[in-house]
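*Asks:* Sharing data-v5.cif below, mmCIF, N, CA and C atoms:
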data_target
loop_
_atom_site.label_atom_id
_atom_site.label_comp_id
_atom_site.auth_asym_id
_atom_site.auth_seq_id
_atom_site.Cartn_x
_atom_site.Cartn_y
_atom_site.Cartn_z
N MET A 36 -136.34 -100.48 42.51
CA MET A 36 -137.09 -101.21 41.53
C MET A 36 -138.04 -100.25 40.82
N ALA A 37 -138.07 -100.28 39.53
CA ALA A 37 -138.91 -99.37 38.74
C ALA A 37 -140.37 -99.78 38.84
N LYS A 38 -141.22 -98.79 38.80
CA LYS A 38 -142.66 -99.03 38.84
C LYS A 38 -143.10 -99.58 37.49
N LYS A 39 -143.87 -100.65 37.53
CA LYS A 39 -144.37 -101.25 36.29
C LYS A 39 -145.79 -100.77 36.06
N GLU A 40 -146.08 -100.40 34.83
CA GLU A 40 -147.41 -99.95 34.49
C GLU A 40 -147.90 -100.68 33.27
N LEU A 41 -149.19 -100.92 33.24
CA LEU A 41 -149.82 -101.54 32.09
C LEU A 41 -150.20 -100.43 31.13
N GLU A 42 -149.72 -100.51 29.93
CA GLU A 42 -150.06 -99.50 28.94
C GLU A 42 -151.05 -100.07 27.94
N VAL A 43 -152.16 -99.39 27.80
CA VAL A 43 -153.18 -99.77 26.84
C VAL A 43 -153.40 -98.56 25.94
N SER A 44 -153.40 -98.80 24.66
CA SER A 44 -153.50 -97.67 23.73
C SER A 44 -154.81 -96.92 23.91
N ALA A 45 -154.75 -95.63 23.72
CA ALA A 45 -155.91 -94.77 23.82
C ALA A 45 -156.81 -95.00 22.61
N ILE A 46 -158.09 -94.69 22.77
CA ILE A 46 -159.00 -94.78 21.63
C ILE A 46 -159.29 -93.37 21.13
N ALA A 47 -159.50 -93.24 19.83
CA ALA A 47 -159.76 -91.93 19.24
C ALA A 47 -161.16 -91.46 19.58
N ASN A 48 -162.13 -92.35 19.44
CA ASN A 48 -163.53 -92.03 19.70
C ASN A 48 -164.20 -93.27 20.26
N GLY A 49 -165.10 -93.08 21.20
CA GLY A 49 -165.81 -94.21 21.76
C GLY A 49 -166.09 -94.03 23.23
N THR A 50 -166.22 -95.15 23.93
CA THR A 50 -166.60 -95.14 25.33
C THR A 50 -165.63 -96.00 26.14
N VAL A 51 -165.22 -95.48 27.29
CA VAL A 51 -164.43 -96.24 28.24
C VAL A 51 -165.31 -96.46 29.47
N ILE A 52 -165.53 -97.73 29.79
CA ILE A 52 -166.31 -98.10 30.97
C ILE A 52 -165.29 -98.46 32.05
N ASP A 53 -165.24 -97.65 33.09
CA ASP A 53 -164.21 -97.80 34.12
C ASP A 53 -164.85 -98.08 35.48
N HIS A 54 -164.05 -98.58 36.38
CA HIS A 54 -164.46 -98.90 37.76
C HIS A 54 -165.54 -99.98 37.79
N ILE A 55 -165.38 -100.98 36.93
CA ILE A 55 -166.28 -102.13 36.92
C ILE A 55 -165.80 -103.10 37.99
N PRO A 56 -166.68 -103.60 38.87
CA PRO A 56 -166.22 -104.65 39.78
C PRO A 56 -165.65 -105.80 38.95
N ALA A 57 -164.46 -106.26 39.30
CA ALA A 57 -163.74 -107.24 38.48
C ALA A 57 -164.56 -108.49 38.17
N ASP A 58 -165.37 -108.92 39.12
CA ASP A 58 -166.13 -110.16 38.92
C ASP A 58 -167.28 -110.04 37.92
N VAL A 59 -167.61 -108.83 37.49
CA VAL A 59 -168.69 -108.67 36.50
C VAL A 59 -168.22 -108.08 35.18
N THR A 60 -166.92 -107.98 34.99
CA THR A 60 -166.38 -107.40 33.75
C THR A 60 -166.93 -108.09 32.51
N PHE A 61 -166.89 -109.41 32.49
CA PHE A 61 -167.36 -110.13 31.31
C PHE A 61 -168.88 -110.17 31.22
N LYS A 62 -169.57 -109.98 32.34
CA LYS A 62 -171.03 -109.84 32.33
C LYS A 62 -171.40 -108.54 31.62
N VAL A 63 -170.61 -107.49 31.80
CA VAL A 63 -170.84 -106.22 31.11
C VAL A 63 -170.69 -106.42 29.60
N VAL A 64 -169.68 -107.17 29.20
CA VAL A 64 -169.48 -107.47 27.77
C VAL A 64 -170.73 -108.15 27.22
N GLN A 65 -171.27 -109.09 27.98
CA GLN A 65 -172.46 -109.83 27.55
C GLN A 65 -173.70 -108.93 27.51
N VAL A 66 -173.93 -108.17 28.57
CA VAL A 66 -175.11 -107.32 28.68
C VAL A 66 -175.15 -106.27 27.57
N LEU A 67 -173.98 -105.76 27.19
CA LEU A 67 -173.92 -104.74 26.14
C LEU A 67 -173.75 -105.35 24.75
N ASN A 68 -173.72 -106.68 24.68
CA ASN A 68 -173.57 -107.40 23.41
C ASN A 68 -172.35 -106.89 22.63
N LEU A 69 -171.25 -106.77 23.32
CA LEU A 69 -170.03 -106.27 22.67
C LEU A 69 -169.40 -107.29 21.75
N TYR A 70 -169.85 -108.55 21.83
CA TYR A 70 -169.32 -109.60 20.95
C TYR A 70 -169.54 -109.25 19.48
N SER A 71 -170.63 -108.55 19.20
CA SER A 71 -170.97 -108.24 17.81
C SER A 71 -170.42 -106.89 17.34
N HIS A 72 -169.72 -106.17 18.21
CA HIS A 72 -169.17 -104.86 17.82
C HIS A 72 -168.01 -105.04 16.85
N PRO A 73 -168.07 -104.39 15.70
CA PRO A 73 -167.02 -104.58 14.70
C PRO A 73 -165.71 -103.84 14.99
N GLY A 74 -165.76 -102.86 15.88
CA GLY A 74 -164.56 -102.08 16.19
C GLY A 74 -163.71 -102.73 17.26
N ALA A 75 -162.62 -102.06 17.59
CA ALA A 75 -161.68 -102.55 18.60
C ALA A 75 -162.28 -102.45 19.99
N ILE A 76 -162.03 -103.50 20.79
CA ILE A 76 -162.46 -103.52 22.18
C ILE A 76 -161.27 -103.98 23.01
N THR A 77 -160.97 -103.23 24.06
CA THR A 77 -159.92 -103.61 24.99
C THR A 77 -160.56 -103.91 26.33
N ILE A 78 -160.27 -105.10 26.87
CA ILE A 78 -160.86 -105.51 28.14
C ILE A 78 -159.72 -105.78 29.12
N GLY A 79 -159.81 -105.14 30.26
CA GLY A 79 -158.85 -105.40 31.34
C GLY A 79 -159.63 -105.79 32.58
N THR A 80 -159.19 -106.82 33.29
CA THR A 80 -159.87 -107.21 34.50
C THR A 80 -158.85 -107.57 35.58
N ASN A 81 -159.29 -107.54 36.81
CA ASN A 81 -158.43 -107.78 37.97
C ASN A 81 -157.29 -106.77 38.06
N LEU A 82 -157.56 -105.55 37.63
CA LEU A 82 -156.58 -104.47 37.73
C LEU A 82 -156.66 -103.85 39.12
N GLU A 83 -155.55 -103.38 39.63
CA GLU A 83 -155.51 -102.77 40.96
C GLU A 83 -156.40 -101.53 41.00
N SER A 84 -157.14 -101.38 42.09
CA SER A 84 -158.00 -100.23 42.30
C SER A 84 -157.98 -99.86 43.77
N LYS A 85 -157.81 -98.58 44.06
CA LYS A 85 -157.79 -98.13 45.45
C LYS A 85 -159.17 -98.26 46.10
N THR A 86 -160.23 -98.04 45.33
CA THR A 86 -161.57 -98.08 45.89
C THR A 86 -162.21 -99.46 45.84
N LEU A 87 -161.95 -100.24 44.79
CA LEU A 87 -162.59 -101.55 44.62
C LEU A 87 -161.70 -102.73 44.97
N GLY A 88 -160.42 -102.48 45.15
CA GLY A 88 -159.47 -103.58 45.33
C GLY A 88 -159.02 -104.08 43.97
N LYS A 89 -159.95 -104.72 43.27
CA LYS A 89 -159.73 -105.17 41.89
C LYS A 89 -160.85 -104.61 41.03
N LYS A 90 -160.50 -104.17 39.83
CA LYS A 90 -161.52 -103.59 38.95
C LYS A 90 -161.33 -104.07 37.53
N GLY A 91 -162.34 -103.77 36.72
CA GLY A 91 -162.27 -104.03 35.30
C GLY A 91 -162.42 -102.72 34.55
N ILE A 92 -161.96 -102.73 33.31
CA ILE A 92 -162.11 -101.57 32.43
C ILE A 92 -162.34 -102.10 31.02
N ILE A 93 -163.23 -101.45 30.29
CA ILE A 93 -163.52 -101.84 28.92
C ILE A 93 -163.48 -100.58 28.05
N LYS A 94 -162.67 -100.64 26.98
CA LYS A 94 -162.58 -99.54 26.02
C LYS A 94 -163.22 -100.01 24.73
N VAL A 95 -164.23 -99.27 24.27
CA VAL A 95 -164.96 -99.64 23.06
C VAL A 95 -164.80 -98.52 22.04
N SER A 96 -164.08 -98.81 20.96
CA SER A 96 -163.86 -97.80 19.92
C SER A 96 -165.12 -97.58 19.10
N ASP A 97 -165.36 -96.33 18.78
CA ASP A 97 -166.43 -95.94 17.85
C ASP A 97 -167.82 -96.41 18.26
N ARG A 98 -168.07 -96.38 19.55
CA ARG A 98 -169.42 -96.73 20.02
C ARG A 98 -169.73 -95.95 21.29
N TYR A 99 -170.95 -95.41 21.30
CA TYR A 99 -171.44 -94.68 22.46
C TYR A 99 -172.69 -95.40 22.94
N LEU A 100 -172.85 -95.52 24.25
CA LEU A 100 -173.95 -96.28 24.80
C LEU A 100 -175.26 -95.49 24.75
N THR A 101 -176.33 -96.20 24.43
CA THR A 101 -177.67 -95.61 24.43
C THR A 101 -178.18 -95.58 25.87
N ASP A 102 -179.26 -94.84 26.11
CA ASP A 102 -179.86 -94.80 27.45
C ASP A 102 -180.32 -96.20 27.86
N GLU A 103 -180.84 -96.98 26.91
CA GLU A 103 -181.29 -98.34 27.21
C GLU A 103 -180.10 -99.20 27.64
N GLU A 104 -178.97 -99.06 26.96
CA GLU A 104 -177.77 -99.82 27.32
C GLU A 104 -177.24 -99.40 28.68
N ILE A 105 -177.31 -98.12 28.98
CA ILE A 105 -176.87 -97.63 30.29
C ILE A 105 -177.77 -98.20 31.38
N GLY A 106 -179.07 -98.32 31.09
CA GLY A 106 -180.00 -98.95 32.03
C GLY A 106 -179.64 -100.39 32.29
N ARG A 107 -179.30 -101.14 31.23
CA ARG A 107 -178.90 -102.53 31.38
C ARG A 107 -177.59 -102.62 32.19
N LEU A 108 -176.68 -101.73 31.88
CA LEU A 108 -175.40 -101.70 32.57
C LEU A 108 -175.58 -101.43 34.06
N SER A 109 -176.50 -100.53 34.40
CA SER A 109 -176.71 -100.17 35.80
C SER A 109 -177.20 -101.34 36.65
N VAL A 110 -177.85 -102.31 36.01
CA VAL A 110 -178.35 -103.47 36.76
C VAL A 110 -177.20 -104.39 37.17
N VAL A 111 -176.25 -104.62 36.27
CA VAL A 111 -175.15 -105.55 36.58
C VAL A 111 -173.94 -104.85 37.19
N ALA A 112 -173.76 -103.57 36.89
CA ALA A 112 -172.58 -102.86 37.39
C ALA A 112 -172.91 -101.41 37.72
N PRO A 113 -173.71 -101.20 38.79
CA PRO A 113 -173.98 -99.82 39.17
C PRO A 113 -172.70 -99.15 39.66
N ASN A 114 -172.65 -97.86 39.58
CA ASN A 114 -171.53 -97.06 40.06
C ASN A 114 -170.29 -97.11 39.17
N VAL A 115 -170.43 -97.56 37.92
CA VAL A 115 -169.29 -97.48 37.01
C VAL A 115 -169.21 -96.06 36.45
N THR A 116 -168.08 -95.75 35.85
CA THR A 116 -167.87 -94.45 35.23
C THR A 116 -167.79 -94.65 33.72
N LEU A 117 -168.50 -93.83 32.97
CA LEU A 117 -168.43 -93.84 31.51
C LEU A 117 -167.67 -92.60 31.07
N ASN A 118 -166.58 -92.82 30.36
CA ASN A 118 -165.83 -91.71 29.78
C ASN A 118 -166.12 -91.70 28.28
N ILE A 119 -166.71 -90.62 27.81
CA ILE A 119 -167.01 -90.46 26.40
C ILE A 119 -165.79 -89.82 25.76
N ILE A 120 -165.21 -90.51 24.78
CA ILE A 120 -163.96 -90.06 24.17
C ILE A 120 -164.23 -89.52 22.76
N ARG A 121 -163.70 -88.33 22.51
CA ARG A 121 -163.75 -87.73 21.17
C ARG A 121 -162.38 -87.12 20.89
N ASP A 122 -161.78 -87.49 19.78
CA ASP A 122 -160.44 -87.02 19.42
C ASP A 122 -159.42 -87.27 20.54
N TYR A 123 -159.42 -88.47 21.08
CA TYR A 123 -158.49 -88.91 22.11
C TYR A 123 -158.63 -88.17 23.45
N GLN A 124 -159.67 -87.36 23.60
CA GLN A 124 -159.87 -86.61 24.84
C GLN A 124 -161.18 -87.02 25.50
N ILE A 125 -161.24 -86.92 26.82
CA ILE A 125 -162.50 -87.17 27.52
C ILE A 125 -163.40 -85.96 27.28
N ALA A 126 -164.45 -86.18 26.50
CA ALA A 126 -165.39 -85.11 26.19
C ALA A 126 -166.49 -85.00 27.25
N GLU A 127 -166.78 -86.13 27.88
CA GLU A 127 -167.85 -86.15 28.88
C GLU A 127 -167.63 -87.32 29.82
N LYS A 128 -168.00 -87.14 31.07
CA LYS A 128 -167.91 -88.19 32.07
C LYS A 128 -169.30 -88.41 32.64
N LYS A 129 -169.72 -89.68 32.67
CA LYS A 129 -171.03 -90.01 33.24
C LYS A 129 -170.83 -91.02 34.36
N TYR A 130 -171.59 -90.84 35.42
CA TYR A 130 -171.53 -91.77 36.54
C TYR A 130 -172.82 -92.58 36.56
N VAL A 131 -172.70 -93.85 36.28
CA VAL A 131 -173.87 -94.73 36.23
C VAL A 131 -174.27 -95.09 37.65
N GLN A 132 -175.55 -94.93 37.94
CA GLN A 132 -176.06 -95.28 39.26
C GLN A 132 -177.26 -96.20 39.10
N TYR A 133 -177.53 -96.94 40.14
CA TYR A 133 -178.71 -97.80 40.15
C TYR A 133 -179.92 -96.88 40.03
N PRO A 134 -180.72 -97.01 38.99
CA PRO A 134 -181.86 -96.10 38.81
C PRO A 134 -182.98 -96.40 39.79
N LYS A 135 -183.92 -95.48 39.93
CA LYS A 135 -185.08 -95.71 40.79
C LYS A 135 -186.06 -96.68 40.14
N GLN A 136 -186.10 -96.65 38.80
CA GLN A 136 -187.01 -97.52 38.07
C GLN A 136 -186.31 -98.06 36.82
N ILE A 137 -186.56 -99.32 36.52
CA ILE A 137 -185.95 -99.98 35.36
C ILE A 137 -187.08 -100.51 34.48
N ILE A 138 -187.16 -100.02 33.25
CA ILE A 138 -188.26 -100.40 32.36
C ILE A 138 -187.74 -101.21 31.19
N GLY A 139 -188.33 -102.39 30.99
CA GLY A 139 -188.03 -103.21 29.83
C GLY A 139 -186.65 -103.84 29.82
N VAL A 140 -186.03 -104.02 30.96
CA VAL A 140 -184.67 -104.55 31.02
C VAL A 140 -184.60 -105.86 31.80
N VAL A 141 -185.39 -105.98 32.87
CA VAL A 141 -185.34 -107.13 33.76
C VAL A 141 -186.61 -107.95 33.63
N LYS A 142 -186.46 -109.27 33.56
CA LYS A 142 -187.60 -110.19 33.50
C LYS A 142 -188.14 -110.41 34.91
N CYS A 143 -189.45 -110.39 35.06
CA CYS A 143 -190.06 -110.68 36.35
C CYS A 143 -189.96 -112.17 36.61
N SER A 144 -189.57 -112.53 37.83
CA SER A 144 -189.39 -113.94 38.18
C SER A 144 -190.70 -114.64 38.54
N ASN A 145 -191.78 -113.89 38.60
CA ASN A 145 -193.09 -114.48 38.90
C ASN A 145 -193.70 -115.03 37.61
N PRO A 146 -193.83 -116.36 37.49
CA PRO A 146 -194.37 -116.93 36.26
C PRO A 146 -195.80 -116.49 35.96
N LYS A 147 -196.52 -116.01 36.97
CA LYS A 147 -197.90 -115.58 36.77
C LYS A 147 -198.02 -114.08 36.45
N CYS A 148 -196.92 -113.37 36.47
CA CYS A 148 -196.94 -111.92 36.20
C CYS A 148 -197.42 -111.64 34.78
N ILE A 149 -198.19 -110.60 34.61
CA ILE A 149 -198.73 -110.22 33.31
C ILE A 149 -197.63 -109.98 32.27
N THR A 150 -196.46 -109.54 32.73
CA THR A 150 -195.36 -109.24 31.80
C THR A 150 -194.80 -110.50 31.15
N ASN A 151 -195.10 -111.67 31.74
CA ASN A 151 -194.65 -112.93 31.17
C ASN A 151 -195.68 -113.57 30.25
N HIS A 152 -196.86 -112.92 30.10
CA HIS A 152 -197.93 -113.49 29.28
C HIS A 152 -198.52 -112.51 28.27
N GLN A 153 -198.28 -111.24 28.46
CA GLN A 153 -198.83 -110.20 27.58
C GLN A 153 -197.68 -109.33 27.07
N PRO A 154 -197.89 -108.65 25.94
CA PRO A 154 -196.83 -107.76 25.42
C PRO A 154 -196.76 -106.45 26.21
N VAL A 155 -196.37 -106.57 27.46
CA VAL A 155 -196.26 -105.42 28.37
C VAL A 155 -194.80 -105.31 28.80
N ALA A 156 -194.24 -104.13 28.70
CA ALA A 156 -192.86 -103.92 29.14
C ALA A 156 -192.77 -104.09 30.64
N THR A 157 -191.74 -104.78 31.10
CA THR A 157 -191.56 -104.93 32.54
C THR A 157 -191.21 -103.57 33.15
N LYS A 158 -191.61 -103.40 34.39
CA LYS A 158 -191.32 -102.16 35.10
C LYS A 158 -190.95 -102.53 36.53
N MET A 159 -189.70 -102.28 36.87
CA MET A 159 -189.18 -102.63 38.20
C MET A 159 -188.79 -101.37 38.95
N GLU A 160 -189.08 -101.39 40.24
CA GLU A 160 -188.64 -100.32 41.13
C GLU A 160 -187.52 -100.86 42.00
N VAL A 161 -186.57 -100.02 42.30
CA VAL A 161 -185.51 -100.42 43.22
C VAL A 161 -186.14 -100.48 44.61
N PHE A 162 -186.16 -101.67 45.18
CA PHE A 162 -186.83 -101.91 46.45
C PHE A 162 -185.89 -101.65 47.62
N ASN A 163 -184.65 -102.07 47.49
CA ASN A 163 -183.66 -101.87 48.53
C ASN A 163 -182.31 -101.61 47.86
N MET A 164 -181.86 -100.38 47.90
CA MET A 164 -180.63 -99.97 47.22
C MET A 164 -179.40 -100.75 47.71
N ASN A 165 -179.29 -100.97 49.02
CA ASN A 165 -178.11 -101.66 49.56
C ASN A 165 -178.05 -103.12 49.15
N LEU A 166 -179.18 -103.78 49.16
CA LEU A 166 -179.21 -105.19 48.77
C LEU A 166 -179.45 -105.37 47.28
N LYS A 167 -179.67 -104.26 46.58
CA LYS A 167 -179.91 -104.27 45.14
C LYS A 167 -181.07 -105.19 44.78
N SER A 168 -182.17 -105.06 45.49
CA SER A 168 -183.35 -105.85 45.16
C SER A 168 -184.34 -104.98 44.40
N LEU A 169 -185.12 -105.65 43.55
CA LEU A 169 -186.10 -104.97 42.71
C LEU A 169 -187.49 -105.50 43.01
N ARG A 170 -188.50 -104.65 42.78
CA ARG A 170 -189.89 -105.07 42.95
C ARG A 170 -190.64 -104.78 41.65
N CYS A 171 -191.35 -105.78 41.18
CA CYS A 171 -192.16 -105.63 39.97
C CYS A 171 -193.34 -104.71 40.30
N VAL A 172 -193.57 -103.71 39.47
CA VAL A 172 -194.66 -102.77 39.69
C VAL A 172 -196.01 -103.46 39.50
N TYR A 173 -196.08 -104.45 38.63
CA TYR A 173 -197.35 -105.11 38.31
C TYR A 173 -197.77 -106.15 39.34
N CYS A 174 -196.89 -107.06 39.70
CA CYS A 174 -197.27 -108.16 40.62
C CYS A 174 -196.67 -108.01 42.01
N GLU A 175 -195.79 -107.05 42.19
CA GLU A 175 -195.14 -106.73 43.46
C GLU A 175 -194.15 -107.79 43.95
N ARG A 176 -193.72 -108.68 43.06
CA ARG A 176 -192.71 -109.69 43.41
C ARG A 176 -191.39 -108.97 43.67
N VAL A 177 -190.75 -109.30 44.77
CA VAL A 177 -189.44 -108.74 45.11
C VAL A 177 -188.38 -109.74 44.70
N MET A 178 -187.38 -109.26 43.95
CA MET A 178 -186.29 -110.11 43.48
C MET A 178 -184.98 -109.60 44.05
N GLN A 179 -184.18 -110.50 44.60
CA GLN A 179 -182.86 -110.16 45.09
C GLN A 179 -181.90 -110.08 43.90
N HIS A 180 -180.76 -109.45 44.09
CA HIS A 180 -179.81 -109.22 43.01
C HIS A 180 -179.42 -110.50 42.28
N ASP A 181 -179.23 -111.58 43.01
CA ASP A 181 -178.80 -112.83 42.38
C ASP A 181 -179.93 -113.53 41.61
N GLU A 182 -181.16 -113.08 41.77
CA GLU A 182 -182.32 -113.64 41.04
C GLU A 182 -182.61 -112.88 39.75
N ILE A 183 -182.01 -111.72 39.59
CA ILE A 183 -182.34 -110.84 38.47
C ILE A 183 -181.88 -111.44 37.16
N GLU A 184 -182.81 -111.53 36.22
CA GLU A 184 -182.52 -112.05 34.88
C GLU A 184 -182.85 -110.93 33.88
N LEU A 185 -181.90 -110.63 33.04
CA LEU A 185 -182.10 -109.59 32.03
C LEU A 185 -182.86 -110.14 30.84
N LEU A 186 -183.64 -109.27 30.21
CA LEU A 186 -184.37 -109.66 29.00
C LEU A 186 -183.44 -109.69 27.80
#
Translate the structure described by the file into structure tokens.
*Replies:*
Amino acid sequence: MAKKELEVSAIANGTVIDHIPADVTFKVVQVLNLYSHPGAITIGTNLESKTLGKKGIIKVSDRYLTDEEIGRLSVVAPNVTLNIIRDYQIAEKKYVQYPKQIIGVVKCSNPKCITNHQPVATKMEVFNMNLKSLRCVYCERVMQHDEIELL
């Protein structure tokens, strides 16, 4: 029996987000606001992966992620790989990791926190890397991964 492969056309220039946990593939689309991107976007999910079991991949033509977007991405999908494509070749590979500090990306869940009442950028520290919990620098509220709300 012949091996079957999924063929997806290469992009000339842009970003390929690879090794996305399959269950957050469409959350990545939302977090990066890819709905408004005028160029071609290819989304694959539930693809076989040796390391993840099932993975997602997103190819975005003619767009490169900003540091702020990479910060947002790291909250919902840490450990993804970004392949920067130029002239159909991988020009650069970046490995997204959960940062030590996240500024202006996550809303504090404490209704009394100053960041919810004053024009102050939120500032979160990674409190527990394994459980993916964050702690607000201002009010010290600890939020678990499932409580995290993006701004």
*Asks:* Within 10 Å of A:Val161, counting only C-alpha atoms, which residues show up once you throw out same-chain ones fewer than 3 positions away? Write them as a PyMOL selection string, please.
*Replies:* chain A and resi 133-137+164-171+177-178
*Asks:* If you keep N, CA and C atoms, can you produce a file of those selected residues as a short mmCIF file (atom, residue, chain, number, x, y, z; two decimals), keeping the file's coordinate frame?
*Replies:*
data_model
loop_
_atom_site.label_atom_id
_atom_site.label_comp_id
_atom_site.auth_asym_id
_atom_site.auth_seq_id
_atom_site.Cartn_x
_atom_site.Cartn_y
_atom_site.Cartn_z
N TYR A 133 -177.53 -96.94 40.14
CA TYR A 133 -178.71 -97.80 40.15
C TYR A 133 -179.92 -96.88 40.03
N PRO A 134 -180.72 -97.01 38.99
CA PRO A 134 -181.86 -96.10 38.81
C PRO A 134 -182.98 -96.40 39.79
N LYS A 135 -183.92 -95.48 39.93
CA LYS A 135 -185.08 -95.71 40.79
C LYS A 135 -186.06 -96.68 40.14
N GLN A 136 -186.10 -96.65 38.80
CA GLN A 136 -187.01 -97.52 38.07
C GLN A 136 -186.31 -98.06 36.82
N ILE A 137 -186.56 -99.32 36.52
CA ILE A 137 -185.95 -99.98 35.36
C ILE A 137 -187.08 -100.51 34.48
N MET A 164 -181.86 -100.38 47.90
CA MET A 164 -180.63 -99.97 47.22
C MET A 164 -179.40 -100.75 47.71
N ASN A 165 -179.29 -100.97 49.02
CA ASN A 165 -178.11 -101.66 49.56
C ASN A 165 -178.05 -103.12 49.15
N LEU A 166 -179.18 -103.78 49.16
CA LEU A 166 -179.21 -105.19 48.77
C LEU A 166 -179.45 -105.37 47.28
N LYS A 167 -179.67 -104.26 46.58
CA LYS A 167 -179.91 -104.27 45.14
C LYS A 167 -181.07 -105.19 44.78
N SER A 168 -182.17 -105.06 45.49
CA SER A 168 -183.35 -105.85 45.16
C SER A 168 -184.34 -104.98 44.40
N LEU A 169 -185.12 -105.65 43.55
CA LEU A 169 -186.10 -104.97 42.71
C LEU A 169 -187.49 -105.50 43.01
N ARG A 170 -188.50 -104.65 42.78
CA ARG A 170 -189.89 -105.07 42.95
C ARG A 170 -190.64 -104.78 41.65
N CYS A 171 -191.35 -105.78 41.18
CA CYS A 171 -192.16 -105.63 39.97
C CYS A 171 -193.34 -104.71 40.30
N VAL A 177 -190.75 -109.30 44.77
CA VAL A 177 -189.44 -108.74 45.11
C VAL A 177 -188.38 -109.74 44.70
N MET A 178 -187.38 -109.26 43.95
CA MET A 178 -186.29 -110.11 43.48
C MET A 178 -184.98 -109.60 44.05
#
*Asks:* Near A:Cys148, within 8 Å and counting all atoms listed in the file, which residues show up once chain neighbours fewer than 6 positions away are dropped, as a PyMOL selection string?
*Replies:* chain A and resi 173-175
*Asks:* Go ahead and write the residues just picked, N, CA and C atoms, as a PDB file, in the coordinates of the input.
*Replies:*
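Dumped to result_25.pdb:
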ATOM      1  N   TYR A 173    -196.080-104.450  38.630  1.00  0.00           N
ATOM      2  CA  TYR A 173    -197.350-105.110  38.310  1.00  0.00           C
ATOM      3  C   TYR A 173    -197.770-106.150  39.340  1.00  0.00           C
ATOM      4  N   CYS A 174    -196.890-107.060  39.700  1.00  0.00           N
ATOM      5  CA  CYS A 174    -197.270-108.160  40.620  1.00  0.00           C
ATOM      6  C   CYS A 174    -196.670-108.010  42.010  1.00  0.00           C
ATOM      7  N   GLU A 175    -195.790-107.050  42.190  1.00  0.00           N
ATOM      8  CA  GLU A 175    -195.140-106.730  43.460  1.00  0.00           C
ATOM      9  C   GLU A 175    -194.150-107.790  43.950  1.00  0.00           C
TER      10      GLU A 175
END
*Asks:* So which one's closest to A:Val115, A:His72, A:His152, A:Lys129, A:Lys89? Using all atoms listed in the file, please.
*Replies:*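 Closest to A:Val115, using all atoms listed in the file: A:Lys129.
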*Asks:* Measure the distance from atom C of A:Leu186 to atom C of A:Val66 in Å and round it to one decimal.
*Replies:*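 Atom-to-atom, atom C of A:Leu186 to atom C of A:Val66, that is 9.0 Å.
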*Asks:* When the PyMOL selection byres (((chain A and resi 62 and name CA) around 12) and name CA) is applied to the structure above, which residues does it catch, written out as a VMD selection string?
*Replies:* chain A and resid 55 to 61 63 to 70 78 80 91 93 107 to 112 184 to 185
*Asks:* Kindly indicate which residue among A:Arg98, A:Lys90, A:Lys85, A:His180 lies nearest to A:His54, using all atoms listed in the file for the distances.
*Replies:*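 Using all atoms listed in the file, the shortest distance to A:His54 belongs to A:Lys90.
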*Asks:* Give me, please, the distance in Å between atom CA of A:Gly106 and atom CA of A:Val131, quoted to one decimal.
*Replies:*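 Distance between the two atoms: 8.5 Å.
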*Asks:* For each of A:Glu160, A:Val172, A:Ile92, A:Tyr123, take the minimum atom-to-atom distance to A:Gly79, counting only C-alpha atoms, then give the residue where this is smallest.
*Replies:*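 Among the listed residues, the smallest separation from A:Gly79 belongs to A:Ile92.
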*Asks:* To test your reading of the syntax: which residues would the PyMOL selection byres ((chain A and resi 97) around 8) return for the file shown? Reply as a PyMOL selection string.
*Replies:* chain A and resi 46-50+74-75+94-96+98-100+120
*Asks:* Distance atom CA of A:Leu87-atom CA of A:Lys142, one decimal place?
*Replies:*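 The value is 28.7 Å.
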*Asks:* Within 7 Å of (-187.3, -114.9, 38.4), in the coordinates the file gives, what residues turn up when you count only C-alpha atoms, written out as a PyMOL selection string?
*Replies:* chain A and resi 142-145+182-184
*Asks:* Where does DSSP see strand (DSSP E or B) in stretch 80-133 of chain A, if you list the residues as a VMD selection string?
*Replies:* chain A and resid 80 to 84 88 to 96 116 to 121 124 to 130
*Asks:* Which of stretch 57-136 of chain A counts as helix (DSSP H, G or I) under DSSP, as an MDAnalysis selection string please?
*Replies:* chainID A and resid 57:66 69:71 102:111
*Asks:* Quick one: stretch 131-153 of chain A from the block, C-alpha atoms, as a PDB file, in the first residue's frame.
*Replies:*
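That gives us decode21.pdb:
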ATOM      1  CA  VAL A 131       8.391  30.201  20.976  1.00  0.00           C
ATOM      2  CA  GLN A 132       8.607  29.575  24.699  1.00  0.00           C
ATOM      3  CA  TYR A 133       6.529  30.629  27.647  1.00  0.00           C
ATOM      4  CA  PRO A 134       8.199  33.924  28.619  1.00  0.00           C
ATOM      5  CA  LYS A 135       9.222  34.831  32.170  1.00  0.00           C
ATOM      6  CA  GLN A 136       7.092  37.979  32.010  1.00  0.00           C
ATOM      7  CA  ILE A 137       4.093  38.951  29.879  1.00  0.00           C
ATOM      8  CA  ILE A 138       3.303  42.658  29.529  1.00  0.00           C
ATOM      9  CA  GLY A 139       0.054  44.064  28.170  1.00  0.00           C
ATOM     10  CA  VAL A 140      -1.307  40.752  26.883  1.00  0.00           C
ATOM     11  CA  VAL A 141      -3.262  39.102  29.716  1.00  0.00           C
ATOM     12  CA  LYS A 142      -6.117  40.646  31.715  1.00  0.00           C
ATOM     13  CA  CYS A 143      -5.850  40.345  35.493  1.00  0.00           C
ATOM     14  CA  SER A 144      -8.753  38.334  36.899  1.00  0.00           C
ATOM     15  CA  ASN A 145      -8.838  40.405  40.092  1.00  0.00           C
ATOM     16  CA  PRO A 146     -11.633  42.977  39.661  1.00  0.00           C
ATOM     17  CA  LYS A 147      -9.919  45.220  42.229  1.00  0.00           C
ATOM     18  CA  CYS A 148      -6.525  45.222  40.462  1.00  0.00           C
ATOM     19  CA  ILE A 149      -5.262  48.647  39.415  1.00  0.00           C
ATOM     20  CA  THR A 150      -4.869  47.404  35.826  1.00  0.00           C
ATOM     21  CA  ASN A 151      -8.657  47.061  35.599  1.00  0.00           C
ATOM     22  CA  HIS A 152      -9.281  50.670  36.719  1.00  0.00           C
ATOM     23  CA  GLN A 153      -6.311  52.746  35.561  1.00  0.00           C
TER      24      GLN A 153
END
